[in-house]
Every structure is written in C-alpha cells, then in structure tokens.
Amino acid sequence: MYRNRPMHETFGIEEKTIDKELYEYQERDIAKIFKVIEEHPEHYNLLYQLPTGGGKTVIFSQIVREFIQRTNKKVLILTHRIELCKQTSKMLSGFGVRNKIINSKIKELPDQDQYMCFVAMVETLNNRLNDEKVELDNLGMVIIDEAHYNSFRKLFKFFEQCFILGVTATPLSSNIKLPMKDNYRELIVGDSIGKLIEKGFLAKANTYSYDVGLSSLKVGMNGDYTVKSSEELYSNYSMQEKLLDAYMEKSQGKKTLIFNNGINTSKEVYETFRNAGLDIRHLDNTTSKQDRKDILRWFKNKPDAILTSVSILTTGFDEPTVETIILNRATKSLTLYFQMIGRGSRVLPGKKEFTVLDLGNNAARFGLWSAPVDWKQIFRSPDYYLENLISDEEIEQNFKYEMPKEVRAKFAKTPEVSFDIEAAYDKTIAKGLRSKKVLEWSMEQHTRMCVENSEDVFDARLLIKDLEDDIADRIKRYAHCISNSTKNYRDWLKEDYKRQLRMKINQADKW
C-alpha cells in the first residue's frame, strides 16, 4: 500500500500530498498500463478490466497525473452520465489534477490553456466536436470510463493520434454486433472479484436463488428481455408475494436495494411492501432531481431503508451501507448482472458480507458473482461466450418443485407428496415399459392424495386445482425425458392428465 507520496510540480498539477491510498494491485496495474503506453505512445487502444469496487477511478486518476507529468500532454476523460462526470472530476481534484467538466453549458473552450485535463459526457462532446466549437490542443490520452457502452465509438475518429484507454468491469460489448475487440488492441485484466474479497477490498456475497419460470419472457433487439414481457411477469400477484416472502425471510431489517425491469413493476413493489407496513421508496428516471436527492439522502441515513428502482442506480451510485441486493428481474446482460450486485459489494467496518436475493435465475445463467471469469476469452470470442450461455429451458429443467406450505397442509394425511419423474422414467426404460407408465404411476399417487384427504368425491375433485403447479412440473419433466417439450404437447398432456385424474377419483373404492 502506498500513500502520502509528494507530487512534482507540473503545469496543471498542484503540488500537494495525495491522501488517497493506492494499493499494491492498483500500483501493479498502473505499471502494466504505462508499459504499454511507453511501447505505443499514440494511435493505440488499450482496454483495462477491474471489478466494480476495485477502484477504477482511483487508478485512472493516478494515470492521468503521471501521464501529464511524464509527457506534458493533455488528457480527456469520457463518461456516459453526468453523475460520473462529477465524481471523476472530484477524484481528479483529490489527486491534484486541475480539470474542467465539459457539460451542456459549455459551448466553447476559450480557457482550455488553463487546464491539462478535461472530463466530458460523450454526447455533449460529440456535439461540440461535430459543430467544430471545441478543439482540444496537445491531447495525448483519452480515457473512456464504462467502456463497454457503444456510445463512445462515434468519438474514436476524432482521437486517432491519441493513446486510448478504455476502463470497464466487464469487457463485453453492450451490443453483440459490435465486439470490443474491434476497437481495442489488447486487454489487461486486473484482480478478480474472488481475490479482492480475499484481500478484504470487497465484501463477500451470500446468494439465495428463487426458482422463477421465465417462459413468458421475450428477448428484444438488444438481446435482453423486453420491459413489456418482464412487467407482465414480475407485476403479477404471485411474483410480488414471492419477492416479499424472500425479503421477509432473508433481509428483513437490512438496508435493501431492489432492481426491476420496468417502472410499473417497481411501483407495484412499492405498493406491495408499503401495504405490508414496510418503509420503502421508489426511484426511476422520471423522478425529479430534488426528489431523487431527497430519496437517496433518506436511503443513506435510514438503517433498514428499502429502495426499489429501475436500473438507474447500476452506475454512478455508491452507497457502501447497502446490505442486500434483490434482483427482481432476469437479464441476459453479464454487465448488468455484475453492476447490480456490485452496488452491495463495498466494505465497511463491520461489513464484510452482503446478501443477494436472485429472482431471475441470473446466478444459474452466469454463475455466482464471485466465480472466476475468463475475461480474455470473452474479449477474444464474445460470440462463443454468449452462444454458450445456459438457456432458460435448461435452467428450469433443474428446478425442484416444492409444494407451498398452505397447499401441503391440505394433503396432511399423505406422508409423501413428491414424485421423481426422472427416476420413474429410468425405471420404465430398464424394464422395457411404455414411457406413459410414468404418468400412470404419478396419477396413482395424485389420486391417493386427493382421496385420502377428502370426505367425499366432490371435495377430492376440488383438490385437483391445488395440484395444478405440481402436475405442470411433472408434465414438463416427463416431456423433457421423452424429448418432446413443445408447449402445445405439454398443454395437451396436462389437460389429459387432469381429465384422467378426475376419472380415477370418481372410481375410487372409498366412495
């Protein structure tokens, strides 16, 4: 660990003592980056990966300071959000780097000779450069924060003679058709999440996954689940109840941040939790600046605060006191997955762990947040990685149906209510029986359950409705065993199963 290193006098750099700590892994990565800069001083694009919470802004602030001192050339830092502009500018000032933010109010730069570093939003700068209102002289380096976003690409043509450093936690393009390897020559990978946890720089995530059927979700043009189909699933009563139960079971009393895919879903979450007597706030991109400021201040100061939001807090938001992250959505974006969980990973005295509640099968899709990731392989072959992600159908095949307590209570007289479809199927194969025998054995058990727990045939038939989910799960597993899992076939099997079950109940000896 290095600290309190004196600065040498350079134009645009204040001679002051730096109070920000630079850790061993940060120093090591800075040295690697400067080695590439020395070998390729201009017209070279380098990408650097470090997990959220690893201190990317600290690292590139130190790089800016050293680069200016070494070359006496200017540096431009590009971000995609105004909050990141302000945070970056503040960090640079802490490193003694005098800088200027180019925002929507800045139309020209008559005072650019007074600065060696500029921080700009990509869209604002693009407009100024295209209008030829701004021309940055003596520019040697461009740093791109959150480099996986594709909005930065349009600016590359303006900086062809500069050294470009892209910085990201996830070197996987937000657009599969525009891979990052097309814009960056090489990738430097920093310490993994696992190493940063081991060294005490990140908190450990304790993940709890809740099985959610995602067959109703549709994938949009951007490759992720559409807001419309997500809202239809996550706004319904059963999913809201599942969310509330998960919170009450694992996170009650903890400061909790909930991520949703859609404003309506987040508002439903707000109402569900409020009706349960819980103190919660809702935040989305339509919230006014003042309301947002007030809500975030409330969230910071209240120990058991619950904040439900719509992805706007995935970047540019840092609240170390968060104890639980709830993924109340599914995503196919590896970047978004890491960003959401990363909001809870900051360490504090007394906080070495945090909780993740996953209601979108995300951990099954991508692996646990702290699991090793081969970023170089993903950088080189993003198509291969994305094409080999486990499908929702495969994930759901591993779900184990658990009868809810209130349903199980209706079959209290039956000691065993589970049925292993796969084991039964293997048995039919071993004995040379018809595969349909599996459903007959399953039906015999369901018939017995309904009859044992009823006084008459009418009550027994009513219990079939309580078995709907169990029947659907068994049919799905059976269809998978026989390699015929089309929706029409499963629907037909389910209706036929229930029809035959009613007949068997009518014919039971008990009546």
# chains A, B, ... in the order shown; residues from 1 in each chain; ligands from 1
>>> residues_around(residues="Arg297 in chain A", least_positions_apart="6", cutoff="12 Å", atoms="only C-alpha atoms", output="PyMOL selection string")
chain A and resi 281+290-291+303+305+307+319
>>> write_last_selection(atoms="N, CA and C atoms", output="short mmCIF file (atom, residue, chain, number, x, y, z; two decimals), in the first residue's frame")
data_model
loop_
_atom_site.label_atom_id
_atom_site.label_comp_id
_atom_site.auth_asym_id
_atom_site.auth_seq_id
_atom_site.Cartn_x
_atom_site.Cartn_y
_atom_site.Cartn_z
N ARG A 281 -39.14 3.34 -0.64
CA ARG A 281 -39.25 4.43 -1.62
C ARG A 281 -39.03 3.85 -3.01
N GLN A 290 -34.70 16.92 -7.36
CA GLN A 290 -34.81 17.17 -5.93
C GLN A 290 -35.34 15.95 -5.19
N ASP A 291 -36.37 15.30 -5.77
CA ASP A 291 -36.92 14.09 -5.15
C ASP A 291 -35.88 12.99 -5.08
N PRO A 303 -31.20 3.02 8.53
CA PRO A 303 -30.52 1.71 8.57
C PRO A 303 -31.29 0.58 7.86
N ALA A 305 -33.67 0.99 5.43
CA ALA A 305 -34.36 1.54 4.26
C ALA A 305 -34.46 0.51 3.13
N LEU A 307 -35.19 0.50 -1.03
CA LEU A 307 -35.32 1.35 -2.22
C LEU A 307 -35.53 0.46 -3.43
N GLU A 319 -23.27 3.54 -2.43
CA GLU A 319 -23.77 3.61 -1.06
C GLU A 319 -23.27 2.37 -0.31
#
>>> residues_around(residues="Phe152 in chain A", least_positions_apart="3", cutoff="12 Å", atoms="only C-alpha atoms", output="VMD selection string")
chain A and resid 77 to 80 120 to 126 142 to 149 155 to 159 164 to 167 173 to 174 178 180 183
>>> write_last_selection(atoms="N, CA and C atoms", output="mmCIF file, in the first residue's frame")
data_model
loop_
_atom_site.group_PDB
_atom_site.id
_atom_site.type_symbol
_atom_site.label_atom_id
_atom_site.label_comp_id
_atom_site.auth_asym_id
_atom_site.auth_seq_id
_atom_site.Cartn_x
_atom_site.Cartn_y
_atom_site.Cartn_z
ATOM 1 N N ILE A 77 -11.146 12.678 -20.362
ATOM 2 C CA ILE A 77 -11.862 11.530 -19.796
ATOM 3 C C ILE A 77 -13.319 11.606 -20.231
ATOM 4 N N LEU A 78 -13.820 10.521 -20.810
ATOM 5 C CA LEU A 78 -15.198 10.460 -21.300
ATOM 6 C C LEU A 78 -16.053 9.565 -20.408
ATOM 7 N N THR A 79 -17.248 10.043 -20.070
ATOM 8 C CA THR A 79 -18.213 9.236 -19.305
ATOM 9 C C THR A 79 -19.562 9.308 -20.023
ATOM 10 N N HIS A 80 -20.493 8.483 -19.606
ATOM 11 C CA HIS A 80 -21.805 8.485 -20.265
ATOM 12 C C HIS A 80 -22.907 9.068 -19.379
ATOM 13 N N ALA A 120 -15.722 14.915 -19.842
ATOM 14 C CA ALA A 120 -16.873 15.252 -20.684
ATOM 15 C C ALA A 120 -17.827 14.083 -20.821
ATOM 16 N N MET A 121 -19.118 14.435 -20.990
ATOM 17 C CA MET A 121 -20.097 13.417 -21.354
ATOM 18 C C MET A 121 -19.996 13.180 -22.853
ATOM 19 N N VAL A 122 -20.155 11.946 -23.254
ATOM 20 C CA VAL A 122 -19.916 11.565 -24.639
ATOM 21 C C VAL A 122 -20.803 12.340 -25.618
ATOM 22 N N GLU A 123 -22.090 12.479 -25.325
ATOM 23 C CA GLU A 123 -22.999 13.142 -26.268
ATOM 24 C C GLU A 123 -22.678 14.626 -26.378
ATOM 25 N N THR A 124 -22.407 15.258 -25.237
ATOM 26 C CA THR A 124 -22.072 16.691 -25.250
ATOM 27 C C THR A 124 -20.824 16.947 -26.089
ATOM 28 N N LEU A 125 -19.780 16.163 -25.838
ATOM 29 C CA LEU A 125 -18.533 16.369 -26.573
ATOM 30 C C LEU A 125 -18.710 16.067 -28.057
ATOM 31 N N ASN A 126 -19.471 15.043 -28.360
ATOM 32 C CA ASN A 126 -19.710 14.697 -29.769
ATOM 33 C C ASN A 126 -20.353 15.870 -30.510
ATOM 34 N N VAL A 142 -6.842 9.670 -24.187
ATOM 35 C CA VAL A 142 -8.288 9.685 -23.938
ATOM 36 C C VAL A 142 -8.616 8.471 -23.079
ATOM 37 N N ILE A 143 -9.271 8.701 -21.946
ATOM 38 C CA ILE A 143 -9.704 7.606 -21.062
ATOM 39 C C ILE A 143 -11.215 7.484 -21.151
ATOM 40 N N ILE A 144 -11.696 6.273 -21.400
ATOM 41 C CA ILE A 144 -13.134 6.031 -21.540
ATOM 42 C C ILE A 144 -13.613 5.185 -20.371
ATOM 43 N N ASP A 145 -14.438 5.788 -19.521
ATOM 44 C CA ASP A 145 -14.997 5.086 -18.367
ATOM 45 C C ASP A 145 -16.237 4.302 -18.807
ATOM 46 N N GLU A 146 -16.452 3.130 -18.199
ATOM 47 C CA GLU A 146 -17.573 2.250 -18.594
ATOM 48 C C GLU A 146 -17.498 1.983 -20.101
ATOM 49 N N ALA A 147 -16.339 1.528 -20.536
ATOM 50 C CA ALA A 147 -16.028 1.439 -21.973
ATOM 51 C C ALA A 147 -16.873 0.423 -22.736
ATOM 52 N N HIS A 148 -17.608 -0.441 -22.030
ATOM 53 C CA HIS A 148 -18.425 -1.444 -22.713
ATOM 54 C C HIS A 148 -19.625 -0.830 -23.436
ATOM 55 N N TYR A 149 -19.974 0.426 -23.088
ATOM 56 C CA TYR A 149 -21.071 1.094 -23.798
ATOM 57 C C TYR A 149 -20.614 1.483 -25.193
ATOM 58 N N LEU A 155 -16.811 8.669 -31.238
ATOM 59 C CA LEU A 155 -15.802 9.684 -30.950
ATOM 60 C C LEU A 155 -14.386 9.249 -31.328
ATOM 61 N N PHE A 156 -14.194 7.980 -31.587
ATOM 62 C CA PHE A 156 -12.838 7.470 -31.842
ATOM 63 C C PHE A 156 -12.166 8.175 -33.021
ATOM 64 N N LYS A 157 -12.964 8.540 -34.020
ATOM 65 C CA LYS A 157 -12.396 9.150 -35.233
ATOM 66 C C LYS A 157 -11.714 10.493 -34.944
ATOM 67 N N PHE A 158 -12.141 11.161 -33.846
ATOM 68 C CA PHE A 158 -11.554 12.456 -33.504
ATOM 69 C C PHE A 158 -10.196 12.334 -32.793
ATOM 70 N N PHE A 159 -9.874 11.126 -32.336
ATOM 71 C CA PHE A 159 -8.681 10.959 -31.494
ATOM 72 C C PHE A 159 -7.759 9.867 -32.019
ATOM 73 N N ILE A 164 -5.627 5.632 -26.429
ATOM 74 C CA ILE A 164 -6.968 5.495 -25.847
ATOM 75 C C ILE A 164 -6.957 4.355 -24.832
ATOM 76 N N LEU A 165 -7.401 4.671 -23.620
ATOM 77 C CA LEU A 165 -7.510 3.679 -22.555
ATOM 78 C C LEU A 165 -8.977 3.505 -22.181
ATOM 79 N N GLY A 166 -9.532 2.346 -22.484
ATOM 80 C CA GLY A 166 -10.894 2.028 -22.060
ATOM 81 C C GLY A 166 -10.859 1.310 -20.719
ATOM 82 N N VAL A 167 -11.774 1.650 -19.833
ATOM 83 C CA VAL A 167 -11.814 1.068 -18.497
ATOM 84 C C VAL A 167 -13.219 0.506 -18.243
ATOM 85 N N SER A 173 -19.093 -6.106 -24.926
ATOM 86 C CA SER A 173 -19.854 -5.014 -25.523
ATOM 87 C C SER A 173 -21.344 -5.119 -25.220
ATOM 88 N N SER A 174 -21.993 -3.957 -25.056
ATOM 89 C CA SER A 174 -23.441 -3.937 -24.834
ATOM 90 C C SER A 174 -24.205 -4.300 -26.102
ATOM 91 N N LEU A 178 -21.206 -5.437 -32.157
ATOM 92 C CA LEU A 178 -20.073 -4.505 -32.106
ATOM 93 C C LEU A 178 -19.098 -4.940 -31.010
ATOM 94 N N MET A 180 -15.921 -5.596 -28.594
ATOM 95 C CA MET A 180 -14.895 -4.666 -28.127
ATOM 96 C C MET A 180 -13.538 -4.922 -28.774
ATOM 97 N N ASN A 183 -12.361 -2.549 -31.430
ATOM 98 C CA ASN A 183 -11.924 -1.193 -31.102
ATOM 99 C C ASN A 183 -10.708 -1.132 -30.189
#
>>> residues_around(residues="Arg477 in chain A", least_positions_apart="4", cutoff="12 Å", atoms="only C-alpha atoms", output="JSON, numbers by chain")
{"A": [393, 394, 396, 397, 398, 399, 400, 401, 419, 420, 421, 422, 423, 424, 425, 438, 439, 442, 470, 471, 472, 473, 481, 482, 483, 484, 485, 490, 493, 494]}
>>> write_last_selection(atoms="N, CA and C atoms", output="compact mmCIF listing (two decimals), in the first residue's frame")
# COMPACT_ATOMS: atom_id res chain seq x y z
N GLU A 393 -34.60 -22.72 -20.58
CA GLU A 393 -35.21 -24.06 -20.54
C GLU A 393 -34.33 -25.03 -19.76
N GLU A 394 -33.02 -24.97 -20.00
CA GLU A 394 -32.09 -25.84 -19.26
C GLU A 394 -32.09 -25.51 -17.77
N GLU A 396 -34.51 -24.14 -16.02
CA GLU A 396 -35.78 -24.52 -15.40
C GLU A 396 -35.92 -26.04 -15.28
N GLN A 397 -35.18 -26.75 -16.11
CA GLN A 397 -35.22 -28.21 -16.01
C GLN A 397 -34.65 -28.68 -14.68
N ASN A 398 -33.80 -27.87 -14.09
CA ASN A 398 -33.18 -28.23 -12.81
C ASN A 398 -33.98 -27.75 -11.60
N PHE A 399 -35.09 -27.03 -11.87
CA PHE A 399 -35.93 -26.58 -10.76
C PHE A 399 -36.50 -27.79 -10.03
N LYS A 400 -36.59 -27.70 -8.74
CA LYS A 400 -37.26 -28.72 -7.94
C LYS A 400 -38.53 -28.13 -7.37
N TYR A 401 -39.67 -28.65 -7.78
CA TYR A 401 -40.94 -28.12 -7.29
C TYR A 401 -41.09 -28.43 -5.80
N PHE A 419 -42.69 -36.77 -6.16
CA PHE A 419 -42.61 -37.89 -7.11
C PHE A 419 -41.46 -37.60 -8.07
N ASP A 420 -40.53 -38.54 -8.19
CA ASP A 420 -39.34 -38.35 -9.02
C ASP A 420 -39.61 -38.86 -10.43
N ILE A 421 -39.97 -37.94 -11.31
CA ILE A 421 -40.31 -38.29 -12.70
C ILE A 421 -39.12 -38.95 -13.41
N GLU A 422 -37.93 -38.35 -13.25
CA GLU A 422 -36.75 -38.87 -13.95
C GLU A 422 -36.42 -40.30 -13.51
N ALA A 423 -36.51 -40.57 -12.20
CA ALA A 423 -36.23 -41.92 -11.70
C ALA A 423 -37.26 -42.91 -12.23
N ALA A 424 -38.52 -42.47 -12.27
CA ALA A 424 -39.58 -43.34 -12.79
C ALA A 424 -39.38 -43.63 -14.27
N TYR A 425 -38.93 -42.62 -15.02
CA TYR A 425 -38.67 -42.81 -16.45
C TYR A 425 -37.53 -43.81 -16.66
N VAL A 438 -44.97 -43.79 -16.66
CA VAL A 438 -44.53 -42.79 -15.69
C VAL A 438 -45.71 -41.94 -15.23
N LEU A 439 -46.52 -41.47 -16.21
CA LEU A 439 -47.66 -40.63 -15.87
C LEU A 439 -48.74 -41.43 -15.13
N SER A 442 -47.60 -41.60 -11.56
CA SER A 442 -47.78 -40.27 -10.97
C SER A 442 -49.25 -40.03 -10.63
N ASP A 470 -48.01 -28.67 -9.34
CA ASP A 470 -47.31 -29.95 -9.22
C ASP A 470 -47.48 -30.76 -10.50
N ILE A 471 -48.70 -30.78 -11.03
CA ILE A 471 -48.97 -31.50 -12.28
C ILE A 471 -48.17 -30.89 -13.43
N ALA A 472 -48.16 -29.55 -13.51
CA ALA A 472 -47.42 -28.87 -14.59
C ALA A 472 -45.94 -29.21 -14.53
N ASP A 473 -45.39 -29.26 -13.32
CA ASP A 473 -43.97 -29.58 -13.15
C ASP A 473 -43.68 -31.01 -13.59
N CYS A 481 -37.97 -35.72 -20.63
CA CYS A 481 -37.42 -37.09 -20.68
C CYS A 481 -37.62 -37.73 -22.04
N ILE A 482 -38.78 -37.47 -22.64
CA ILE A 482 -39.06 -38.12 -23.92
C ILE A 482 -38.69 -37.22 -25.11
N SER A 483 -38.00 -36.11 -24.81
CA SER A 483 -37.52 -35.18 -25.84
C SER A 483 -38.63 -34.61 -26.71
N ASN A 484 -39.73 -34.32 -26.08
CA ASN A 484 -40.83 -33.64 -26.78
C ASN A 484 -41.37 -32.56 -25.85
N SER A 485 -40.75 -31.41 -25.90
CA SER A 485 -41.11 -30.38 -24.93
C SER A 485 -41.80 -29.17 -25.57
N ARG A 490 -47.18 -30.21 -24.27
CA ARG A 490 -47.27 -30.17 -22.80
C ARG A 490 -48.67 -29.75 -22.35
N LEU A 493 -50.95 -32.74 -22.81
CA LEU A 493 -50.67 -33.75 -21.78
C LEU A 493 -51.28 -33.35 -20.44
N LYS A 494 -51.17 -32.07 -20.11
CA LYS A 494 -51.66 -31.58 -18.81
C LYS A 494 -53.18 -31.71 -18.73
>>> select_by_dssp(residues="range 215-317 of chain A", states="helix (DSSP H, G or I)", output="number ranges by chain")
A: 227-234, 237-250, 263-275, 289-301
>>> residues_around(residues="Val219 in chain A", least_positions_apart="5", cutoff="12 Å", atoms="only C-alpha atoms", output="PDB file with N, CA and C atoms, in the first residue's frame")
ATOM      1  N   LEU A 214     -39.467 -18.506 -16.562  1.00  0.00           N
ATOM      2  CA  LEU A 214     -39.294 -17.335 -17.427  1.00  0.00           C
ATOM      3  C   LEU A 214     -39.793 -17.578 -18.848  1.00  0.00           C
ATOM      4  N   ASP A 224     -31.636  -8.525 -24.672  1.00  0.00           N
ATOM      5  CA  ASP A 224     -32.089  -8.748 -23.298  1.00  0.00           C
ATOM      6  C   ASP A 224     -33.609  -8.880 -23.281  1.00  0.00           C
ATOM      7  N   TYR A 225     -34.135  -9.319 -22.136  1.00  0.00           N
ATOM      8  CA  TYR A 225     -35.584  -9.484 -22.002  1.00  0.00           C
ATOM      9  C   TYR A 225     -36.282  -8.130 -22.123  1.00  0.00           C
ATOM     10  N   THR A 226     -37.418  -8.106 -22.822  1.00  0.00           N
ATOM     11  CA  THR A 226     -38.135  -6.850 -23.025  1.00  0.00           C
ATOM     12  C   THR A 226     -38.789  -6.390 -21.722  1.00  0.00           C
ATOM     13  N   VAL A 227     -38.917  -5.075 -21.608  1.00  0.00           N
ATOM     14  CA  VAL A 227     -39.567  -4.499 -20.424  1.00  0.00           C
ATOM     15  C   VAL A 227     -41.021  -4.968 -20.358  1.00  0.00           C
ATOM     16  N   LYS A 228     -41.700  -4.979 -21.506  1.00  0.00           N
ATOM     17  CA  LYS A 228     -43.125  -5.343 -21.529  1.00  0.00           C
ATOM     18  C   LYS A 228     -43.356  -6.747 -20.983  1.00  0.00           C
ATOM     19  N   SER A 229     -42.607  -7.720 -21.492  1.00  0.00           N
ATOM     20  CA  SER A 229     -42.823  -9.104 -21.029  1.00  0.00           C
ATOM     21  C   SER A 229     -42.371  -9.269 -19.578  1.00  0.00           C
ATOM     22  N   SER A 230     -41.325  -8.524 -19.174  1.00  0.00           N
ATOM     23  CA  SER A 230     -40.867  -8.585 -17.784  1.00  0.00           C
ATOM     24  C   SER A 230     -41.919  -8.020 -16.839  1.00  0.00           C
ATOM     25  N   ALA A 330     -34.924 -10.697 -14.468  1.00  0.00           N
ATOM     26  CA  ALA A 330     -33.962 -11.551 -15.172  1.00  0.00           C
ATOM     27  C   ALA A 330     -33.243 -10.680 -16.189  1.00  0.00           C
ATOM     28  N   THR A 331     -31.989 -10.994 -16.455  1.00  0.00           N
ATOM     29  CA  THR A 331     -31.259 -10.288 -17.502  1.00  0.00           C
ATOM     30  C   THR A 331     -30.353 -11.268 -18.237  1.00  0.00           C
ATOM     31  N   LYS A 332     -30.121 -10.978 -19.507  1.00  0.00           N
ATOM     32  CA  LYS A 332     -29.154 -11.735 -20.286  1.00  0.00           C
ATOM     33  C   LYS A 332     -27.854 -10.960 -20.430  1.00  0.00           C
ATOM     34  N   SER A 333     -27.771  -9.811 -19.746  1.00  0.00           N
ATOM     35  CA  SER A 333     -26.579  -8.968 -19.805  1.00  0.00           C
ATOM     36  C   SER A 333     -25.655  -9.288 -18.642  1.00  0.00           C
ATOM     37  N   ASP A 392     -32.768 -20.680 -20.664  1.00  0.00           N
ATOM     38  CA  ASP A 392     -33.789 -20.679 -19.604  1.00  0.00           C
ATOM     39  C   ASP A 392     -34.417 -22.054 -19.459  1.00  0.00           C
TER      40      ASP A 392
END
>>> closest_residue(among="A:Arg329, A:Trp441, A:Lys351, A:Leu462", to="Tyr497 in chain A", atoms="only C-alpha atoms")
A:Trp441
>>> atom_distance(atom1="CA of Ser151 in chain A", atom2="CA of Gln339 in chain A")
18.1 Å
>>> residues_around(residues="Ala363 in chain A", least_positions_apart="5", cutoff="9 Å", atoms="only C-alpha atoms", output="list in words")
Thr207, Ser209, Tyr337, Asp358, Leu368 and Trp369 of chain A
>>> residues_around(residues="Leu359 in chain A", least_positions_apart="5", cutoff="8 Å", atoms="only C-alpha atoms", output="list in words")
Ser209, Tyr210, Asp211, Val212, Leu243, Ile326, Leu327, Asn328, Arg329 and Ala330 of chain A
>>> atom_distance(atom1="CA of Lys431 in chain A", atom2="CA of Gln445 in chain A")
20.3 Å
>>> select_by_dssp(residues="range 249-423 of chain A", states="strand (DSSP E or B)", output="mmCIF file with N, CA and C atoms, in the first residue's frame")
data_model
loop_
_atom_site.group_PDB
_atom_site.id
_atom_site.type_symbol
_atom_site.label_atom_id
_atom_site.label_comp_id
_atom_site.auth_asym_id
_atom_site.auth_seq_id
_atom_site.Cartn_x
_atom_site.Cartn_y
_atom_site.Cartn_z
ATOM 1 N N THR A 256 -31.849 -2.370 1.933
ATOM 2 C CA THR A 256 -32.076 -3.207 0.754
ATOM 3 C C THR A 256 -32.301 -2.375 -0.501
ATOM 4 N N LEU A 257 -31.635 -2.780 -1.582
ATOM 5 C CA LEU A 257 -31.790 -2.146 -2.892
ATOM 6 C C LEU A 257 -32.382 -3.173 -3.853
ATOM 7 N N ILE A 258 -33.535 -2.833 -4.440
ATOM 8 C CA ILE A 258 -34.244 -3.759 -5.328
ATOM 9 C C ILE A 258 -34.156 -3.247 -6.766
ATOM 10 N N PHE A 259 -33.696 -4.109 -7.679
ATOM 11 C CA PHE A 259 -33.619 -3.761 -9.096
ATOM 12 C C PHE A 259 -34.759 -4.440 -9.864
ATOM 13 N N ILE A 280 -40.510 2.071 2.447
ATOM 14 C CA ILE A 280 -39.894 1.864 1.132
ATOM 15 C C ILE A 280 -40.065 3.116 0.288
ATOM 16 N N ARG A 281 -39.142 3.338 -0.637
ATOM 17 C CA ARG A 281 -39.248 4.427 -1.615
ATOM 18 C C ARG A 281 -39.029 3.854 -3.012
ATOM 19 N N HIS A 282 -39.577 4.560 -4.008
ATOM 20 C CA HIS A 282 -39.437 4.156 -5.417
ATOM 21 C C HIS A 282 -38.672 5.240 -6.169
ATOM 22 N N LEU A 283 -37.782 4.810 -7.070
ATOM 23 C CA LEU A 283 -36.958 5.744 -7.838
ATOM 24 C C LEU A 283 -36.844 5.262 -9.278
ATOM 25 N N ILE A 306 -35.570 0.566 2.387
ATOM 26 C CA ILE A 306 -35.764 -0.274 1.198
ATOM 27 C C ILE A 306 -35.980 0.664 0.021
ATOM 28 N N LEU A 307 -35.192 0.503 -1.032
ATOM 29 C CA LEU A 307 -35.318 1.347 -2.217
ATOM 30 C C LEU A 307 -35.534 0.464 -3.435
ATOM 31 N N THR A 308 -36.661 0.676 -4.119
ATOM 32 C CA THR A 308 -36.948 -0.084 -5.338
ATOM 33 C C THR A 308 -36.724 0.836 -6.532
ATOM 34 N N SER A 309 -36.007 0.332 -7.538
ATOM 35 C CA SER A 309 -35.587 1.195 -8.644
ATOM 36 C C SER A 309 -35.600 0.437 -9.965
ATOM 37 N N THR A 324 -28.324 -5.620 1.340
ATOM 38 C CA THR A 324 -28.980 -6.625 0.499
ATOM 39 C C THR A 324 -29.271 -6.065 -0.883
ATOM 40 N N ILE A 325 -28.940 -6.851 -1.890
ATOM 41 C CA ILE A 325 -29.308 -6.548 -3.279
ATOM 42 C C ILE A 325 -30.358 -7.574 -3.709
ATOM 43 N N ILE A 326 -31.492 -7.098 -4.210
ATOM 44 C CA ILE A 326 -32.512 -8.021 -4.734
ATOM 45 C C ILE A 326 -32.613 -7.833 -6.246
ATOM 46 N N LEU A 327 -32.348 -8.901 -6.982
ATOM 47 C CA LEU A 327 -32.516 -8.892 -8.436
ATOM 48 C C LEU A 327 -33.940 -9.354 -8.719
ATOM 49 N N LEU A 348 -17.110 -2.022 4.689
ATOM 50 C CA LEU A 348 -17.138 -1.029 5.756
ATOM 51 C C LEU A 348 -16.679 -1.715 7.029
ATOM 52 N N LYS A 351 -18.771 -4.605 8.081
ATOM 53 C CA LYS A 351 -19.477 -5.159 6.918
ATOM 54 C C LYS A 351 -18.487 -5.874 6.007
ATOM 55 N N GLU A 353 -19.690 -8.916 4.525
ATOM 56 C CA GLU A 353 -20.568 -9.743 3.693
ATOM 57 C C GLU A 353 -21.824 -8.955 3.352
ATOM 58 N N PHE A 354 -22.499 -9.377 2.293
ATOM 59 C CA PHE A 354 -23.811 -8.823 1.980
ATOM 60 C C PHE A 354 -24.650 -9.926 1.344
ATOM 61 N N THR A 355 -25.939 -9.666 1.219
ATOM 62 C CA THR A 355 -26.886 -10.680 0.751
ATOM 63 C C THR A 355 -27.370 -10.351 -0.656
ATOM 64 N N VAL A 356 -27.487 -11.360 -1.494
ATOM 65 C CA VAL A 356 -28.076 -11.212 -2.829
ATOM 66 C C VAL A 356 -29.264 -12.165 -2.931
ATOM 67 N N LEU A 357 -30.436 -11.621 -3.231
ATOM 68 C CA LEU A 357 -31.625 -12.439 -3.468
ATOM 69 C C LEU A 357 -31.909 -12.398 -4.965
ATOM 70 N N ASP A 358 -31.829 -13.534 -5.611
ATOM 71 C CA ASP A 358 -31.928 -13.620 -7.075
ATOM 72 C C ASP A 358 -33.273 -14.213 -7.470
#
>>> closest_residue(among="A:Phe201, A:Phe338, A:Trp511, A:Phe67", to="Leu139 in chain A", atoms="only C-alpha atoms")
A:Phe67
>>> closest_residue(among="A:Val417, A:Val75, A:Ile176, A:Val310", to="Gly223 in chain A", atoms="only C-alpha atoms")
A:Ile176
>>> closest_residue(among="A:Arg346, A:Arg292, A:Lys302, A:Arg502", to="Glu444 in chain A", atoms="only C-alpha atoms")
A:Arg502
>>> atom_distance(atom1="CA of Lys254 in chain A", atom2="CA of Thr321 in chain A")
9.6 Å
